[in-house]
Amino acid sequence: MSYLKTLLLHPPSWDGFDGGAGSRYQARREIRSFWYPTWLAQPAALIPGSRLVDAPPHGLGLAEVRRLARDYELAVLHTSTPSFPHDVRVAEALKAENPALRIGFVGAHVAVAPEPALAASPAIEFVARDEFDFTVQEVAAGRPLAEVRGLSYRNGHIRHNPPRPVLEDMDRLPYVVDVYRRDLDIRRYVIGYLLYPYLSLYTGRGCRSRCTFCLWPQTVGGHRYRTRSVEHVLDEIARARRYFPEVREYFFDDDTFTDDLPRAEAIARGLGRLGVTWSCNAKANVPYASLRVLRDNGLRLLLVGYESGSQVILNNIRKGVRLDVARRFTEDARRLGIRIHGTFILGLPGETRETIEATVRFACAIDPDTIQVSIAAPYPGTALYRQAVANGWLDGRRLLDEAGRQESALSYPHLPAPEIQAAVSDFYRRFYFRPRKMSALAWEMLSDWQTLTRRLREGREFLAFLGRG
């Protein structure tokens with residue numbers, strides 16, 4: 001079978017913008033960080049002769065990307081809600097450079113609103129809805145667009161093909177580490193709370209939780225946790241170790257890796273035999289016995305979405321976790337020596353000055369090793385977005401400012417957007433500028449030269465962020 005010469009592109013936009021095919025919160029963060037473009041690497045692995053270009057971490061601007069258009073027959077761009085206007089301009093520049101180039105868009109933003117996406121520019125020939133791996137592969141293989149399920153396209157008029165069945169056999173997906181090795185410089189990818197260099201991938205898709213704000217499960221992943229076999233995962237990690245002996249930590253970016261604890265424990269035991277250090281996303285309810293199995297087999301860190309210190313808000317967003325359970329889980333992890341990066345969100349439905357105060361106090365009390373504070377982002381396709389529209393909480397503000405940094409698109413009569421925004425910097429100051437926390441971070445820096453140099457750079461960036469707040 002012959003394939004079109006295919007470019008899979010995460011386009012350039014803001015400097016330092018981490019909004020690619022693997023980022024849940026598309027924004028320029030407080031410190032420079034980049035996730036791997038795993039959602040684009042998957043179709044790239046299915047298309048012989050393709051190339052994946054991840055422009056932001058590799059420092060590529062429009063001029064460099066535009067020149068690539070001359071060498072390809074098909075370009076597939078991953079887009080997001082905040083970056084979509086930028087990405088349209090990139091598509092138009094590619095089309096101007098090579099009028100014969102066929103261009104399609106993928107990503108949650110176009111999956112939930114394919115018609116407006118196609119109407120945005122004649123440069124966009126098609127968009128892939130839902131899971132797009134095999135949809136993109138069929139287009140690249142030259143299949144007529146009218147026959148490709150899960151596709152919306154322009155052919156005189158905008159047409160919508162029947163949906164593609166949900167992928168059940170996840171082992172049909174080839175390994176992304178082959179694409180990472182071929183097309184990416186892993187030294188460009190850094191996350192502040194992970195060891196450097198790190199490598200991330202998915203072992204499954206979908207999340208059983210029903211959080212109203214969460215993007216991937218409500219748009220492309222679904223609410224059933226569909227998983228690769230234990231053997232498939234371990235074989236890819238073993239291959240990655242051969243490809244990248246310098247990697248110090250592997251991160252499993254499944255929405256909730258701990259949704260299936262027997263499987264998580266089986267993978268952990270295999271990772272223990274491989275001798276790798278690893279981390280994952282987890283819900284704040286993993287029992288002590290399971291935490292111990294994970295820890296004993298190489299688990300170093302858990303990324304935990306606490307979101308709020310108010311049980312009312314957790315109930316409002318259907319988080320499915322009680323604060324007392326989250327406290328016990330955090331204490332269990334601490335006793336076992338498992339580090340925690342805790343994430344919190346300000347501005348969720350029901351937020352008040354009092355609940356913000358409760359969340360700051362809760363974070364300081366449970367004291368995760370590091371935190372991330374985000375502003376509630378009503379992405380189209382989520383229940384939060386529909387709720388915001390119905391209640392008039394959107395005041396016309398965008399998700400990001402002119403520099404690509406997060407700002408509050410939600411505003412409440414009792415808690416306006418500027419107040420939500422200002423609370424982020426205050427939260428960070430109150431959490432990190434405590435003597436105990438500063439001492440812990442200083443000790444960590446002094447224990448490892450690489451950590452010291454990274455933390456000094458991140459500290460400068462973080463202080464600059466606080467100065468803007």
# chains A, B, ... in the order shown; residues from 1 in each chain; ligands from 1
$ residues_around --residues "Leu384 (chain A)" --least-positions-apart "3" --cutoff "10 Å" --atoms "only C-alpha atoms" --output "list in words"
Cys211, Thr212, Phe213, Cys214, Leu215, Ile317, Leu348, Pro349, Ala376, Ala377, Pro378, Tyr379, Pro380, Gly381, Gln387, Ala388, Val389 and Ala390 of chain A
$ write_last_selection --atoms "C-alpha atoms" --output "compact mmCIF listing (two decimals), in the first residue's frame"
# COMPACT_ATOMS: atom_id res chain seq x y z
CA CYS A 211 -15.22 15.45 36.36
CA THR A 212 -17.14 18.22 34.61
CA PHE A 213 -14.02 20.20 33.63
CA CYS A 214 -11.78 17.44 32.27
CA LEU A 215 -11.16 17.69 28.54
CA ILE A 317 -17.69 19.02 39.64
CA LEU A 348 -14.81 26.17 39.56
CA PRO A 349 -18.61 26.40 39.97
CA ALA A 376 -10.89 26.68 35.62
CA ALA A 377 -10.93 26.40 31.82
CA PRO A 378 -14.35 25.89 30.19
CA TYR A 379 -13.23 24.03 27.08
CA PRO A 380 -15.95 23.45 24.46
CA GLY A 381 -17.24 19.91 24.66
CA GLN A 387 -22.87 24.97 32.41
CA ALA A 388 -21.02 28.26 31.92
CA VAL A 389 -23.01 29.09 28.79
CA ALA A 390 -26.32 28.24 30.46
$ closest_atom_pairs --of "region 192-244 of chain A" --to "region 40-49 of chain A" --cutoff "12 Å" --atoms "only C-alpha atoms" --output "tab-separated table"
residue	atom	partner	partner_atom	distance
A:Ser200	CA	A:Ala41	CA	11.5
A:Leu201	CA	A:Ala41	CA	9.8
A:Tyr202	CA	A:Gln42	CA	10.0
$ residues_around --residues "Leu194 (chain A)" --least-positions-apart "5" --cutoff "9 Å" --atoms "only C-alpha atoms" --output "ChimeraX atom specification"
/A:248-251,279,301
$ residues_around --residues "Lys95 (chain A)" --least-positions-apart "2" --cutoff "10 Å" --atoms "only C-alpha atoms" --output "number ranges by chain"
A: 66, 69-70, 75, 89-93, 97-103, 122-124
$ select_by_dssp --residues "region 235-355 of chain A" --states "strand (DSSP E)" --output "list of chain:residue names"
A:Glu249, A:Tyr250, A:Phe251, A:Phe252, A:Trp278, A:Ser279, A:Cys280, A:Asn281, A:Ala282, A:Leu299, A:Arg300, A:Leu301, A:Leu302, A:Leu303, A:Val304, A:Gly305, A:Tyr306, A:Glu307, A:Arg339, A:Ile340, A:His341, A:Gly342, A:Thr343, A:Phe344, A:Ile345, A:Leu346
$ residues_around --residues "His10 (chain A)" --least-positions-apart "6" --cutoff "8 Å" --atoms "only C-alpha atoms" --output "short mmCIF file (atom, residue, chain, number, x, y, z; two decimals) with N, CA and C atoms, in the first residue's frame"
data_model
loop_
_atom_site.label_atom_id
_atom_site.label_comp_id
_atom_site.auth_asym_id
_atom_site.auth_seq_id
_atom_site.Cartn_x
_atom_site.Cartn_y
_atom_site.Cartn_z
N GLY A 20 0.32 21.17 23.08
CA GLY A 20 0.35 20.20 22.01
C GLY A 20 -0.49 18.97 22.26
N ALA A 21 -0.17 17.93 21.49
CA ALA A 21 -0.98 16.71 21.49
C ALA A 21 -0.63 15.83 22.67
N PRO A 37 4.11 14.97 22.44
CA PRO A 37 2.93 15.04 21.56
C PRO A 37 2.40 13.63 21.24
N VAL A 53 6.54 16.69 13.59
CA VAL A 53 7.27 17.91 13.95
C VAL A 53 6.53 18.59 15.10
N ASP A 54 7.21 18.71 16.23
CA ASP A 54 6.65 19.36 17.42
C ASP A 54 7.35 20.71 17.56
N ALA A 55 6.73 21.74 16.97
CA ALA A 55 7.43 23.01 16.79
C ALA A 55 7.81 23.72 18.10
N PRO A 56 6.89 23.89 19.07
CA PRO A 56 7.25 24.73 20.23
C PRO A 56 8.47 24.26 21.01
N LEU A 77 -2.54 18.82 11.34
CA LEU A 77 -2.18 19.74 12.43
C LEU A 77 -3.02 19.45 13.66
N HIS A 78 -2.36 19.32 14.80
CA HIS A 78 -3.09 19.19 16.07
C HIS A 78 -3.36 20.59 16.61
N THR A 79 -4.61 20.83 16.98
CA THR A 79 -5.01 22.17 17.44
C THR A 79 -5.69 22.09 18.80
#
$ closest_residue --among "A:Ala365, A:Val373, A:Met445, A:Val276" --to "Ala238 (chain A)" --atoms "only C-alpha atoms"
A:Val276
$ closest_atom_pairs --of "region 203-309 of chain A" --to "region 335-347 of chain A" --cutoff "8 Å" --atoms "only C-alpha atoms" --output "JSON lines"
{"residue": "A:Leu291", "atom": "CA", "partner": "A:Leu336", "partner_atom": "CA", "distance": 7.8}
{"residue": "A:Arg292", "atom": "CA", "partner": "A:Leu336", "partner_atom": "CA", "distance": 6.8}
{"residue": "A:Arg295", "atom": "CA", "partner": "A:Ile338", "partner_atom": "CA", "distance": 6.8}
{"residue": "A:Leu299", "atom": "CA", "partner": "A:Ile338", "partner_atom": "CA", "distance": 7.2}
{"residue": "A:Arg300", "atom": "CA", "partner": "A:Ile338", "partner_atom": "CA", "distance": 5.6}
{"residue": "A:Leu301", "atom": "CA", "partner": "A:Arg339", "partner_atom": "CA", "distance": 4.5}
{"residue": "A:Leu302", "atom": "CA", "partner": "A:Ile340", "partner_atom": "CA", "distance": 5.0}
{"residue": "A:Leu303", "atom": "CA", "partner": "A:His341", "partner_atom": "CA", "distance": 4.9}
{"residue": "A:Val304", "atom": "CA", "partner": "A:Gly342", "partner_atom": "CA", "distance": 5.0}
{"residue": "A:Gly305", "atom": "CA", "partner": "A:Thr343", "partner_atom": "CA", "distance": 4.8}
{"residue": "A:Tyr306", "atom": "CA", "partner": "A:Phe344", "partner_atom": "CA", "distance": 5.8}
{"residue": "A:Glu307", "atom": "CA", "partner": "A:Phe344", "partner_atom": "CA", "distance": 3.8}
{"residue": "A:Ser308", "atom": "CA", "partner": "A:Phe344", "partner_atom": "CA", "distance": 5.9}
$ closest_residue --among "A:Phe126, A:Trp216, A:Trp35, A:Phe362" --to "Pro114 (chain A)" --atoms "only C-alpha atoms"
A:Phe126
$ select_by_dssp --residues "region 73-236 of chain A" --states "alpha helix (DSSP H)" --output "VMD selection string"
chain A and resid 84 to 97 108 to 112 114 to 119 133 to 140 177 to 183 215 to 216 230 to 236
$ residues_around --residues "region 155-159 of chain A" --least-positions-apart "3" --cutoff "10 Å" --atoms "only C-alpha atoms" --output "ChimeraX atom specification"
/A:114-116,118-119,125-126,145-146,151-152,162
$ atom_distance --atom1 "CA of Leu394 (chain A)" --atom2 "CA of Thr81 (chain A)"
14.8 Å
$ residues_around --residues "Thr355 (chain A)" --least-positions-apart "3" --cutoff "8 Å" --atoms "only C-alpha atoms" --output "ChimeraX atom specification"
/A:308-310,351-352,358-359
$ atom_distance --atom1 "CA of Thr227 (chain A)" --atom2 "CA of Arg164 (chain A)"
18.3 Å
$ atom_distance --atom1 "CA of Cys207 (chain A)" --atom2 "CA of Arg226 (chain A)"
8.6 Å
$ closest_residue --among "A:Thr382, A:Thr203, A:Ser411, A:Thr135" --to "Ala113 (chain A)" --atoms "only C-alpha atoms"
A:Thr382
